[in-house]
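Chemist: Sharing start.pdb below, PDB, C-alpha atoms, pLDDT in the B column:
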ATOM      1  CA  MET A  28       9.558 -37.975  10.583  1.00 86.00           C
ATOM      2  CA  PRO A  29       7.312 -40.426  12.412  1.00 93.00           C
ATOM      3  CA  ILE A  30       7.881 -44.114  11.731  1.00 97.00           C
ATOM      4  CA  HIS A  31       4.725 -46.152  11.179  1.00 97.00           C
ATOM      5  CA  ARG A  32       4.523 -49.929  11.433  1.00 98.00           C
ATOM      6  CA  GLY A  33       2.613 -52.022   8.937  1.00 98.00           C
ATOM      7  CA  SER A  34       1.893 -55.634   8.141  1.00 98.00           C
ATOM      8  CA  CYS A  35       0.012 -57.974   5.871  1.00 98.00           C
ATOM      9  CA  HIS A  36      -3.207 -59.661   7.035  1.00 98.00           C
ATOM     10  CA  CYS A  37      -1.719 -62.938   8.311  1.00 98.00           C
ATOM     11  CA  GLY A  38       1.256 -61.304  10.050  1.00 98.00           C
ATOM     12  CA  LEU A  39       4.071 -62.969   8.104  1.00 98.00           C
ATOM     13  CA  VAL A  40       5.275 -59.636   6.659  1.00 98.00           C
ATOM     14  CA  HIS A  41       6.001 -56.575   8.810  1.00 98.00           C
ATOM     15  CA  PHE A  42       7.512 -53.292   7.672  1.00 98.00           C
ATOM     16  CA  THR A  43       8.139 -49.715   8.729  1.00 98.00           C
ATOM     17  CA  ALA A  44       7.526 -46.547   6.740  1.00 98.00           C
ATOM     18  CA  GLU A  45       8.641 -43.017   7.600  1.00 97.00           C
ATOM     19  CA  LEU A  46       5.803 -40.659   6.683  1.00 95.00           C
ATOM     20  CA  ASP A  47       5.815 -36.902   7.030  1.00 90.00           C
ATOM     21  CA  ASP A  48       2.025 -36.499   6.914  1.00 90.00           C
ATOM     22  CA  PRO A  49      -0.006 -39.659   6.276  1.00 90.00           C
ATOM     23  CA  ALA A  50      -2.892 -37.637   4.821  1.00 89.00           C
ATOM     24  CA  VAL A  51      -0.800 -35.853   2.140  1.00 92.00           C
ATOM     25  CA  GLY A  52       0.214 -37.358  -1.192  1.00 93.00           C
ATOM     26  CA  LEU A  53      -2.216 -40.258  -1.167  1.00 94.00           C
ATOM     27  CA  TYR A  54      -3.159 -41.674  -4.533  1.00 94.00           C
ATOM     28  CA  ARG A  55      -4.817 -44.419  -6.466  1.00 93.00           C
ATOM     29  CA  CYS A  56      -3.703 -45.532  -9.918  1.00 91.00           C
ATOM     30  CA  ASN A  57      -5.931 -46.433 -12.845  1.00 91.00           C
ATOM     31  CA  CYS A  58      -3.606 -48.941 -14.538  1.00 88.00           C
ATOM     32  CA  SER A  59      -5.051 -52.417 -15.093  1.00 89.00           C
ATOM     33  CA  LEU A  60      -3.266 -53.908 -12.060  1.00 90.00           C
ATOM     34  CA  CYS A  61      -3.891 -51.121  -9.550  1.00 89.00           C
ATOM     35  CA  ARG A  62      -7.581 -50.902 -10.474  1.00 90.00           C
ATOM     36  CA  LYS A  63      -7.953 -54.551  -9.560  1.00 92.00           C
ATOM     37  CA  LYS A  64      -5.985 -54.079  -6.310  1.00 91.00           C
ATOM     38  CA  GLY A  65      -8.157 -51.080  -5.435  1.00 89.00           C
ATOM     39  CA  ILE A  66      -5.823 -49.716  -2.782  1.00 92.00           C
ATOM     40  CA  VAL A  67      -4.692 -46.277  -1.593  1.00 93.00           C
ATOM     41  CA  MET A  68      -0.938 -45.687  -1.808  1.00 95.00           C
ATOM     42  CA  LYS A  69       1.644 -43.146  -0.738  1.00 96.00           C
ATOM     43  CA  ALA A  70       5.042 -42.819  -2.410  1.00 97.00           C
ATOM     44  CA  ILE A  71       8.034 -42.441  -0.106  1.00 98.00           C
ATOM     45  CA  PRO A  72      11.812 -42.559  -0.651  1.00 98.00           C
ATOM     46  CA  ASP A  73      13.287 -46.052  -0.740  1.00 97.00           C
ATOM     47  CA  SER A  74      15.338 -45.145   2.349  1.00 98.00           C
ATOM     48  CA  ALA A  75      12.121 -44.491   4.331  1.00 98.00           C
ATOM     49  CA  PHE A  76      10.853 -48.066   3.909  1.00 98.00           C
ATOM     50  CA  LYS A  77      12.126 -51.238   5.570  1.00 98.00           C
ATOM     51  CA  VAL A  78      10.852 -54.816   5.696  1.00 98.00           C
ATOM     52  CA  ILE A  79      11.551 -55.886   9.286  1.00 98.00           C
ATOM     53  CA  GLN A  80      10.053 -59.376   9.150  1.00 98.00           C
ATOM     54  CA  GLY A  81       9.084 -61.785   6.396  1.00 98.00           C
ATOM     55  CA  GLN A  82      11.285 -60.707   3.484  1.00 98.00           C
ATOM     56  CA  ALA A  83      11.363 -64.366   2.356  1.00 98.00           C
ATOM     57  CA  ASP A  84       7.545 -64.478   2.537  1.00 98.00           C
ATOM     58  CA  LEU A  85       7.128 -61.688  -0.021  1.00 98.00           C
ATOM     59  CA  SER A  86       6.288 -62.660  -3.581  1.00 98.00           C
ATOM     60  CA  LEU A  87       7.096 -60.423  -6.536  1.00 98.00           C
ATOM     61  CA  TYR A  88       4.776 -59.686  -9.436  1.00 97.00           C
ATOM     62  CA  GLN A  89       5.960 -57.836 -12.541  1.00 96.00           C
ATOM     63  CA  TRP A  90       4.223 -57.270 -15.831  1.00 91.00           C
ATOM     64  CA  ASN A  91       4.435 -55.219 -19.029  1.00 88.00           C
ATOM     65  CA  LYS A  92       7.987 -53.766 -19.162  1.00 89.00           C
ATOM     66  CA  LYS A  93       8.895 -55.404 -15.819  1.00 92.00           C
ATOM     67  CA  ILE A  94      10.139 -52.159 -14.294  1.00 91.00           C
ATOM     68  CA  ALA A  95       7.768 -51.798 -11.328  1.00 93.00           C
ATOM     69  CA  GLU A  96       8.093 -54.433  -8.598  1.00 97.00           C
ATOM     70  CA  HIS A  97       4.800 -55.284  -6.873  1.00 97.00           C
ATOM     71  CA  TYR A  98       5.165 -57.183  -3.594  1.00 98.00           C
ATOM     72  CA  PHE A  99       2.549 -59.203  -1.772  1.00 98.00           C
ATOM     73  CA  CYS A 100       2.511 -61.700   1.080  1.00 98.00           C
ATOM     74  CA  SER A 101       2.762 -65.291  -0.137  1.00 98.00           C
ATOM     75  CA  GLY A 102       0.669 -66.390   2.868  1.00 98.00           C
ATOM     76  CA  CYS A 103      -2.421 -64.178   2.722  1.00 98.00           C
ATOM     77  CA  GLY A 104      -1.969 -62.454  -0.652  1.00 97.00           C
ATOM     78  CA  VAL A 105      -2.144 -58.888   0.680  1.00 98.00           C
ATOM     79  CA  TYR A 106      -0.255 -56.332  -1.412  1.00 97.00           C
ATOM     80  CA  THR A 107       2.058 -54.397   0.927  1.00 98.00           C
ATOM     81  CA  HIS A 108       4.151 -52.160  -1.361  1.00 98.00           C
ATOM     82  CA  HIS A 109       5.783 -51.686  -4.733  1.00 97.00           C
ATOM     83  CA  ARG A 110       8.846 -50.065  -6.252  1.00 97.00           C
ATOM     84  CA  ARG A 111       7.494 -47.477  -8.654  1.00 94.00           C
ATOM     85  CA  ARG A 112       7.948 -47.584 -12.396  1.00 90.00           C
ATOM     86  CA  ARG A 113       7.608 -43.821 -12.619  1.00 89.00           C
ATOM     87  CA  ASP A 114      10.396 -43.318 -10.052  1.00 93.00           C
ATOM     88  CA  PRO A 115      12.338 -46.471  -9.033  1.00 93.00           C
ATOM     89  CA  THR A 116      13.920 -44.574  -6.110  1.00 96.00           C
ATOM     90  CA  GLN A 117      10.502 -44.568  -4.436  1.00 97.00           C
ATOM     91  CA  ILE A 118       8.390 -47.196  -2.731  1.00 98.00           C
ATOM     92  CA  SER A 119       4.607 -46.894  -2.723  1.00 97.00           C
ATOM     93  CA  VAL A 120       3.109 -48.227   0.479  1.00 98.00           C
ATOM     94  CA  ASN A 121      -0.372 -49.713   0.819  1.00 97.00           C
ATOM     95  CA  MET A 122      -1.719 -47.242   3.373  1.00 95.00           C
ATOM     96  CA  GLU A 123      -4.357 -49.703   4.568  1.00 93.00           C
ATOM     97  CA  CYS A 124      -1.569 -51.976   5.889  1.00 97.00           C
ATOM     98  CA  LEU A 125      -0.339 -49.331   8.354  1.00 96.00           C
ATOM     99  CA  GLU A 126      -1.337 -49.641  12.008  1.00 96.00           C
ATOM    100  CA  GLY A 127      -3.334 -46.946  13.775  1.00 92.00           C
ATOM    101  CA  LEU A 128      -4.271 -44.827  10.769  1.00 88.00           C
ATOM    102  CA  ALA A 129      -7.883 -44.135   9.870  1.00 82.00           C
ATOM    103  CA  MET A 130      -9.065 -44.877   6.367  1.00 74.00           C
ATOM    104  CA  PRO A 131      -8.608 -41.663   4.381  1.00 74.00           C
ATOM    105  CA  SER A 132     -11.601 -39.817   2.994  1.00 77.00           C
ATOM    106  CA  ALA A 133     -12.020 -40.026  -0.771  1.00 76.00           C
ATOM    107  CA  ASP A 134     -11.647 -36.270  -1.309  1.00 80.00           C
ATOM    108  CA  ILE A 135      -7.929 -36.274  -0.380  1.00 79.00           C
ATOM    109  CA  ILE A 136      -6.918 -39.170  -2.649  1.00 85.00           C
ATOM    110  CA  GLY A 137      -5.368 -38.224  -5.991  1.00 80.00           C
ATOM    111  CA  LEU A 138      -5.366 -40.284  -9.187  1.00 77.00           C
ATOM    112  CA  VAL A 139      -2.260 -41.317 -11.104  1.00 81.00           C
ATOM    113  CA  ASN A 140      -2.939 -41.979 -14.782  1.00 83.00           C
ATOM    114  CA  GLY A 141      -1.036 -45.243 -15.065  1.00 79.00           C
ATOM    115  CA  LEU A 142      -3.394 -46.339 -17.838  1.00 79.00           C
ATOM    116  CA  GLU A 143      -1.577 -43.983 -20.202  1.00 77.00           C
ATOM    117  CA  HIS A 144       1.920 -45.454 -19.591  1.00 67.00           C
ATOM    118  CA  GLU A 145       3.382 -46.940 -22.757  1.00 65.00           C
TER     119      GLU A 145
END
Write the structure described by the file as structure tokens, please.
Modeler:
Amino acid sequence: MPIHRGSCHCGLVHFTAELDDPAVGLYRCNCSLCRKKGIVMKAIPDSAFKVIQGQADLSLYQWNKKIAEHYFCSGCGVYTHHRRRRDPTQISVNMECLEGLAMPSADIIGLVNGLEHE
């Protein structure tokens, strides 16, 4: 699988993500946090994601049952990824942080109903 590089806005945090097809499996979530973030994500296995620079510059945000782990750069505030509540063996990557990929068209982005989680 191709390895894609990504980073936050200010460049403190850099990561890699192995993606089979960057245009497949994209989603947005309608939970209260994700709606405010407004980003497009793709879930990948934990083993396919690696922070290569700036681990100490990542801040963690958790809420509700404190299962999901939402990470963002402490310098610029850009959300880079999160460990999923629905499947903690997966990381969801902010696709807009990846280098060299075009913004996906709205018709290929699915919706996860996070609003209905207990």
Chemist: Applied to this file, what does the PyMOL selection byres ((chain A and resi 33) around 10) return in terms of residues, put as an MDAnalysis selection string?
Modeler: chainID A and resid 30:32 34:36 38 40:44 78:79 107 120:127
Chemist: Apply the PyMOL selection byres ((chain A and resi 86-100) around 7) to the structure shown and report the selected residues as a PyMOL selection string.
Modeler: chain A and resi 35+40+84-85+101-112
Chemist: On this structure, which residues satisfy the PyMOL selection byres ((chain A and resi 58-66) around 6), written as JSON, numbers by chain?
Modeler: {"A": [56, 57, 67, 141, 142]}
Chemist: Rank A:Met28, A:Ala70, A:Leu39, A:Ala129 by their smallest atom-to-atom distance to Val51 in chain A, using all atoms listed in the file, and report the top residue only.
Modeler: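 Among A:Met28, A:Ala70, A:Leu39, A:Ala129, it is A:Ala70 that comes nearest to Val51 in chain A.
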Chemist: Using 5 Å of padding on each side, determine the axis-aligned box around all atoms of range 78-84 of chain A present in the file and give its centre and edge lengths in Å to one decimal, as lines of an AutoDock Vina configuration file.
Modeler:
center_x = 9.5
center_y = -59.6
center_z = 5.8
size_x = 14.0
size_y = 19.7
size_z = 16.9
Chemist: For Ile135 in chain A, work out the shell of residues within 12 Å, counting all atoms listed in the file and skipping chain neighbours fewer than 4 positions away, then give it as an MDAnalysis selection string.
Modeler: chainID A and resid 49:55 67:69 130:131
Chemist: Any idea what the distance is between CA of Asp73 in chain A and CA of Pro29 in chain A?
Modeler: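 That distance, rounded to one decimal, is 15.5 Å.
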Chemist: Could you work out how far CA of Ser119 in chain A lies from CA of Pro72 in chain A, giving the answer in Å with one decimal?
Modeler: 8.7 Å
Chemist: Report the distance between CA of Pro115 in chain A and CA of Leu138 in chain A in Å, rounded to one decimal place.
Modeler: 18.8 Å
